[in-house]
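A.B. asks: Pasting in a structure now, in structure tokens, and then I'll have a few things to ask.
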Amino acid sequence: MPRVLEPELMDDPEQALAYARANFEQGNKQFVQQFIDANADFQSGHILDLGCGPADIPIRLIRALPTCQVTAVDASEPMIRLATEAVNAAGLADKISLRCERFQTLLLDEPADATISNSLAHHIPNPLQFWYRIKQLTKPGGGVLVMDLLRPESPEAARAIVEQYASSESPILQRDFYNSLLAAFTEDEVAAHLAELNFSRLVIDVVDDRHWVVRGRV
Ligand SMILES: C[S@@+](CC[C@H](N)C(=O)[O-])C[C@H]1O[C@@H](n2cnc3c(N)ncnc32)[C@H](O)[C@@H]1O
């Protein structure tokens, strides 16, 4: 099945709220644990989160690694408003800096010590630009952890995944999940993007029936 693009930003307020209210606890906990496992010596430093959404991952990350700082970036204003509420409620405004910007034009004072991104890649029209920006925004040798959806074989397979994993979620979330599956990349496509940019120390793994993870160092 060919890739079907979906809108890049989640900037409809209802859509952002549906996403913020959905329960991603298990996946987000696992994502943070994967970062910790892959970066065992990483106790303090600056972590960049691209496409942070409502900031659940940055909050979990800082609770696990309290001497780190996170810059969390999302170009959707409604999403950044929800992220600001969540970060303030967690009392972590001094640890998590939220920026409402597109990662394509983001400028940092200096590259981050590590970069993470969960569920952003499928929103991006030009995946090479995404990987190129990760290279530019991360210090040489810095850790990278990127997770995203895996494109199924067919629209029917995508519907079955939505039914299996999101049947109790809101209609907006189910619609977005389906569209995101159609917009996602295959393992071979991601491997080709990494090869094109000479990322010899990043590897892709398909971790379950609907996700891939890229981890390693730039
Ligand atoms: C599916 S959400 C994932 C949120 C979060 N990472 C999580 O795992 O809960 C993807 C987010 O990426 C944001 N996004 C899409 N394109 C972007 C871009 N070019 N620059 C910054 N953020 C972007 C969307 O607005 C959306 O909030």
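Residue numbering restarts at 1 for every chain of the structure tokens, chains are lettered A, B, ... in their displayed order, and ligands are numbered from 1 as they appear.
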Could you tell me, counting only C-alpha atoms and all ligand atoms, which protein and nucleic acid residues lie no more than 8 Å from ligand 1, written as a PDB file with C-alpha atoms, in the first residue's frame?
C.D. replies:
```pdb
ATOM      1  CA  GLU A   8       1.558  17.658   9.289  1.00  0.00           C
ATOM      2  CA  LEU A   9       0.362  19.452  12.435  1.00  0.00           C
ATOM      3  CA  MET A  10      -2.267  18.389  14.973  1.00  0.00           C
ATOM      4  CA  ASP A  11      -3.547  21.932  15.303  1.00  0.00           C
ATOM      5  CA  ALA A  16      -5.221  17.914  20.344  1.00  0.00           C
ATOM      6  CA  TYR A  19      -4.889  13.004  21.903  1.00  0.00           C
ATOM      7  CA  ALA A  20      -3.994  14.491  25.301  1.00  0.00           C
ATOM      8  CA  PHE A  24      -0.651   6.252  26.169  1.00  0.00           C
ATOM      9  CA  ASN A  28       5.204   6.221  26.895  1.00  0.00           C
ATOM     10  CA  ASP A  49      12.037  16.032  22.090  1.00  0.00           C
ATOM     11  CA  LEU A  50      10.720  16.637  18.561  1.00  0.00           C
ATOM     12  CA  GLY A  51       6.918  16.662  18.184  1.00  0.00           C
ATOM     13  CA  CYS A  52       6.347  16.514  21.962  1.00  0.00           C
ATOM     14  CA  GLY A  53       2.520  16.710  21.839  1.00  0.00           C
ATOM     15  CA  PRO A  54       1.022  17.152  25.325  1.00  0.00           C
ATOM     16  CA  ALA A  55       4.465  16.547  26.933  1.00  0.00           C
ATOM     17  CA  ASP A  56       3.711  13.265  28.691  1.00  0.00           C
ATOM     18  CA  ILE A  57       7.064  11.810  27.583  1.00  0.00           C
ATOM     19  CA  VAL A  73       9.105  21.197  20.494  1.00  0.00           C
ATOM     20  CA  ASP A  74       5.709  21.085  18.796  1.00  0.00           C
ATOM     21  CA  ALA A  75       4.415  23.430  16.111  1.00  0.00           C
ATOM     22  CA  SER A  76       0.750  23.019  17.107  1.00  0.00           C
ATOM     23  CA  MET A  79      -0.855  21.030  21.678  1.00  0.00           C
ATOM     24  CA  ILE A  80       1.683  23.401  23.266  1.00  0.00           C
ATOM     25  CA  CYS A 100       5.931  26.154  19.600  1.00  0.00           C
ATOM     26  CA  GLU A 101       8.021  25.785  16.432  1.00  0.00           C
ATOM     27  CA  ARG A 102       8.467  23.530  13.445  1.00  0.00           C
ATOM     28  CA  PHE A 103      11.523  21.319  13.905  1.00  0.00           C
ATOM     29  CA  GLN A 104      12.527  22.176  10.328  1.00  0.00           C
ATOM     30  CA  SER A 117      10.884  11.672  19.033  1.00  0.00           C
ATOM     31  CA  ASN A 118       7.776   9.538  19.377  1.00  0.00           C
ATOM     32  CA  SER A 119       5.028   9.398  16.756  1.00  0.00           C
ATOM     33  CA  LEU A 120       6.166  12.424  14.761  1.00  0.00           C
ATOM     34  CA  ALA A 121       7.792  10.827  11.711  1.00  0.00           C
ATOM     35  CA  HIS A 123       3.368  13.448  10.005  1.00  0.00           C
ATOM     36  CA  ILE A 124       6.316  14.576   7.928  1.00  0.00           C
TER      37      ILE A 124
END
```
A.B. asks: What lies within 9 Å of region 147-149 of chain A using only C-alpha atoms, ignoring chain neighbours under 4 positions off, as number ranges by chain?
C.D. replies: A: 31, 116-122, 180-181, 183-186, 210-215
A.B. asks: Atoms to include: N, CA and C atoms. Write the selected residues as a CSV table (one decimal), in the first residue's frame.
C.D. replies:
```csv
chain,number,residue,atom,x,y,z
A,31,PHE,N,8.8,3.8,26.3
A,31,PHE,CA,9.7,4.6,25.5
A,31,PHE,C,10.8,5.3,26.4
A,116,ILE,N,15.1,12.7,21.1
A,116,ILE,CA,14.1,11.7,21.1
A,116,ILE,C,12.9,12.2,20.2
A,117,SER,N,12.1,11.3,19.7
A,117,SER,CA,10.9,11.7,19.0
A,117,SER,C,10.0,10.5,19.0
A,118,ASN,N,8.7,10.6,19.4
A,118,ASN,CA,7.8,9.5,19.4
A,118,ASN,C,6.6,10.0,18.6
A,119,SER,N,6.3,9.2,17.5
A,119,SER,CA,5.0,9.4,16.8
A,119,SER,C,5.0,10.7,16.0
A,120,LEU,N,6.1,11.2,15.6
A,120,LEU,CA,6.2,12.4,14.8
A,120,LEU,C,6.4,12.0,13.3
A,121,ALA,N,7.3,11.1,13.1
A,121,ALA,CA,7.8,10.8,11.7
A,121,ALA,C,6.7,10.7,10.7
A,122,HIS,N,5.6,10.0,11.0
A,122,HIS,CA,4.5,9.8,10.0
A,122,HIS,C,3.8,11.1,9.6
A,180,SER,N,-3.0,7.9,10.5
A,180,SER,CA,-1.5,7.9,10.8
A,180,SER,C,-0.9,6.6,10.3
A,181,LEU,N,-1.6,5.5,10.5
A,181,LEU,CA,-1.1,4.2,10.0
A,181,LEU,C,-0.9,4.3,8.5
A,183,ALA,N,-0.2,6.9,6.8
A,183,ALA,CA,0.9,7.9,6.5
A,183,ALA,C,2.3,7.4,7.0
A,184,ALA,N,2.3,6.3,7.7
A,184,ALA,CA,3.5,5.8,8.3
A,184,ALA,C,4.5,5.2,7.3
A,185,PHE,N,5.7,4.9,7.7
A,185,PHE,CA,6.8,4.4,6.8
A,185,PHE,C,6.9,2.9,7.1
A,186,THR,N,7.4,2.2,6.1
A,186,THR,CA,7.7,0.8,6.3
A,186,THR,C,9.2,0.7,6.8
A,210,ARG,N,2.9,-2.9,15.1
A,210,ARG,CA,2.6,-1.6,14.5
A,210,ARG,C,3.6,-0.5,14.8
A,211,HIS,N,4.8,-0.9,15.3
A,211,HIS,CA,5.8,0.2,15.7
A,211,HIS,C,7.2,-0.2,15.2
A,212,TRP,N,8.0,0.7,14.8
A,212,TRP,CA,9.4,0.6,14.7
A,212,TRP,C,10.1,1.5,15.6
A,213,VAL,N,11.3,1.2,16.0
A,213,VAL,CA,12.2,2.0,16.8
A,213,VAL,C,13.5,2.1,16.1
A,214,VAL,N,14.0,3.4,16.1
A,214,VAL,CA,15.4,3.6,15.6
A,214,VAL,C,16.2,4.1,16.9
A,215,ARG,N,17.3,3.4,17.1
A,215,ARG,CA,18.1,3.8,18.3
A,215,ARG,C,19.6,3.7,17.9
```
A.B. asks: DSSP says alpha helix (DSSP H) for which residues of region 33-205 of chain A? Put them as a PyMOL selection string?
C.D. replies: chain A and resi 33-38+56-64+77-89+127-137+155-166+171-183+187-196
A.B. asks: Using C-alpha atoms, can you export the residues from the last selection as a PDB file, in the first residue's frame?
C.D. replies:
```pdb
ATOM      1  CA  GLN A  33      12.658   3.050  29.713  1.00  0.00           C
ATOM      2  CA  GLN A  34      14.168   2.342  26.289  1.00  0.00           C
ATOM      3  CA  PHE A  35      15.958   5.698  26.405  1.00  0.00           C
ATOM      4  CA  ILE A  36      17.338   4.917  29.874  1.00  0.00           C
ATOM      5  CA  ASP A  37      18.401   1.391  28.879  1.00  0.00           C
ATOM      6  CA  ALA A  38      20.144   2.604  25.720  1.00  0.00           C
ATOM      7  CA  ASP A  56       3.711  13.265  28.691  1.00  0.00           C
ATOM      8  CA  ILE A  57       7.064  11.810  27.583  1.00  0.00           C
ATOM      9  CA  PRO A  58       9.196  14.814  28.667  1.00  0.00           C
ATOM     10  CA  ILE A  59       7.467  14.769  32.068  1.00  0.00           C
ATOM     11  CA  ARG A  60       8.126  11.035  32.531  1.00  0.00           C
ATOM     12  CA  LEU A  61      11.702  11.491  31.342  1.00  0.00           C
ATOM     13  CA  ILE A  62      12.476  14.268  33.844  1.00  0.00           C
ATOM     14  CA  ARG A  63      10.885  12.280  36.669  1.00  0.00           C
ATOM     15  CA  ALA A  64      13.258   9.420  35.794  1.00  0.00           C
ATOM     16  CA  GLU A  77      -0.445  25.870  19.326  1.00  0.00           C
ATOM     17  CA  PRO A  78      -3.292  23.857  20.943  1.00  0.00           C
ATOM     18  CA  MET A  79      -0.855  21.030  21.678  1.00  0.00           C
ATOM     19  CA  ILE A  80       1.683  23.401  23.266  1.00  0.00           C
ATOM     20  CA  ARG A  81      -1.105  24.938  25.385  1.00  0.00           C
ATOM     21  CA  LEU A  82      -1.978  21.449  26.705  1.00  0.00           C
ATOM     22  CA  ALA A  83       1.718  20.680  27.211  1.00  0.00           C
ATOM     23  CA  THR A  84       2.164  23.915  29.187  1.00  0.00           C
ATOM     24  CA  GLU A  85      -0.754  22.991  31.482  1.00  0.00           C
ATOM     25  CA  ALA A  86       0.672  19.506  32.041  1.00  0.00           C
ATOM     26  CA  VAL A  87       4.229  20.723  32.694  1.00  0.00           C
ATOM     27  CA  ASN A  88       3.006  23.402  35.116  1.00  0.00           C
ATOM     28  CA  ALA A  89       0.764  20.879  36.912  1.00  0.00           C
ATOM     29  CA  PRO A 127      11.474  12.125   5.919  1.00  0.00           C
ATOM     30  CA  LEU A 128      15.044  12.893   4.829  1.00  0.00           C
ATOM     31  CA  GLN A 129      14.613  16.402   6.221  1.00  0.00           C
ATOM     32  CA  PHE A 130      13.556  14.871   9.557  1.00  0.00           C
ATOM     33  CA  TRP A 131      16.680  12.680   9.810  1.00  0.00           C
ATOM     34  CA  TYR A 132      18.925  15.468   8.548  1.00  0.00           C
ATOM     35  CA  ARG A 133      17.619  17.830  11.256  1.00  0.00           C
ATOM     36  CA  ILE A 134      18.258  15.163  13.907  1.00  0.00           C
ATOM     37  CA  LYS A 135      21.862  15.046  12.731  1.00  0.00           C
ATOM     38  CA  GLN A 136      22.141  18.857  12.886  1.00  0.00           C
ATOM     39  CA  LEU A 137      20.391  19.271  16.247  1.00  0.00           C
ATOM     40  CA  PRO A 155      -6.313  -0.221   4.425  1.00  0.00           C
ATOM     41  CA  GLU A 156      -8.128  -3.326   5.755  1.00  0.00           C
ATOM     42  CA  ALA A 157      -5.091  -4.259   7.864  1.00  0.00           C
ATOM     43  CA  ALA A 158      -4.976  -0.667   9.175  1.00  0.00           C
ATOM     44  CA  ARG A 159      -8.682  -0.870  10.128  1.00  0.00           C
ATOM     45  CA  ALA A 160      -8.063  -4.126  11.945  1.00  0.00           C
ATOM     46  CA  ILE A 161      -5.237  -2.552  13.986  1.00  0.00           C
ATOM     47  CA  VAL A 162      -7.453   0.404  14.942  1.00  0.00           C
ATOM     48  CA  GLU A 163     -10.193  -2.042  15.954  1.00  0.00           C
ATOM     49  CA  GLN A 164      -7.782  -4.194  17.969  1.00  0.00           C
ATOM     50  CA  TYR A 165      -5.990  -1.428  19.856  1.00  0.00           C
ATOM     51  CA  ALA A 166      -8.236   1.654  19.892  1.00  0.00           C
ATOM     52  CA  PRO A 171     -13.951   8.655  17.256  1.00  0.00           C
ATOM     53  CA  ILE A 172     -11.472  11.497  16.609  1.00  0.00           C
ATOM     54  CA  LEU A 173      -8.608   9.427  17.988  1.00  0.00           C
ATOM     55  CA  GLN A 174      -9.656   6.367  15.980  1.00  0.00           C
ATOM     56  CA  ARG A 175      -9.820   8.471  12.784  1.00  0.00           C
ATOM     57  CA  ASP A 176      -6.381   9.975  13.457  1.00  0.00           C
ATOM     58  CA  PHE A 177      -4.876   6.564  14.291  1.00  0.00           C
ATOM     59  CA  TYR A 178      -6.155   5.121  10.999  1.00  0.00           C
ATOM     60  CA  ASN A 179      -4.857   8.098   8.995  1.00  0.00           C
ATOM     61  CA  SER A 180      -1.525   7.893  10.822  1.00  0.00           C
ATOM     62  CA  LEU A 181      -1.113   4.194   9.961  1.00  0.00           C
ATOM     63  CA  LEU A 182      -1.636   5.023   6.271  1.00  0.00           C
ATOM     64  CA  ALA A 183       0.898   7.876   6.499  1.00  0.00           C
ATOM     65  CA  GLU A 187      10.852  -0.740   7.840  1.00  0.00           C
ATOM     66  CA  ASP A 188      12.576  -0.786   4.431  1.00  0.00           C
ATOM     67  CA  GLU A 189      11.767   2.870   3.793  1.00  0.00           C
ATOM     68  CA  VAL A 190      13.210   3.957   7.152  1.00  0.00           C
ATOM     69  CA  ALA A 191      16.314   1.812   6.611  1.00  0.00           C
ATOM     70  CA  ALA A 192      16.780   3.466   3.200  1.00  0.00           C
ATOM     71  CA  HIS A 193      16.443   6.957   4.723  1.00  0.00           C
ATOM     72  CA  LEU A 194      19.075   6.143   7.358  1.00  0.00           C
ATOM     73  CA  ALA A 195      21.425   4.747   4.717  1.00  0.00           C
ATOM     74  CA  GLU A 196      20.938   7.788   2.492  1.00  0.00           C
TER      75      GLU A 196
END
```
A.B. asks: From the set A:Asn23, A:Thr115, A:Thr71, A:Ser44, which residue has the shortest atom-to-atom contact distance to Ser97 (chain A), counting only C-alpha atoms?
C.D. replies: A:Thr71
A.B. asks: Need the shell around Gly142 (chain A): protein/DNA/RNA residues with any atom at most 8 Å away, counting only C-alpha atoms. Skip same-chain ones fewer than 6 positions apart. Format as a ChimeraX atom specification?
C.D. replies: /A:112-115,217-218
A.B. asks: With distances taken over only C-alpha atoms, which of A:Asp94, A:Asp209, A:Glu110, A:Glu6 is nearest to Lys139 (chain A)?
C.D. replies: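 For Lys139 (chain A), the nearest of the given residues is A:Glu110.
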A.B. asks: From the list A:Leu197, A:Leu5, A:Val32, A:Leu108, which residue is nearest Thr138 (chain A) when using only C-alpha atoms?
C.D. replies: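 Of all the options, A:Leu108 lies closest to Thr138 (chain A).
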A.B. asks: Between CA of Ala22 (chain A) and CA of Ser170 (chain A), what distance in Å does the model show, to one decimal?
C.D. replies: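 Straight-line distance from CA of Ala22 (chain A) to CA of Ser170 (chain A) works out to 8.2 Å.
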A.B. asks: If you measure from CA of Arg201 (chain A) to CA of Gly141 (chain A), what distance in Å do you get, rounded to one decimal?
C.D. replies: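 That distance, rounded to one decimal, is 9.1 Å.
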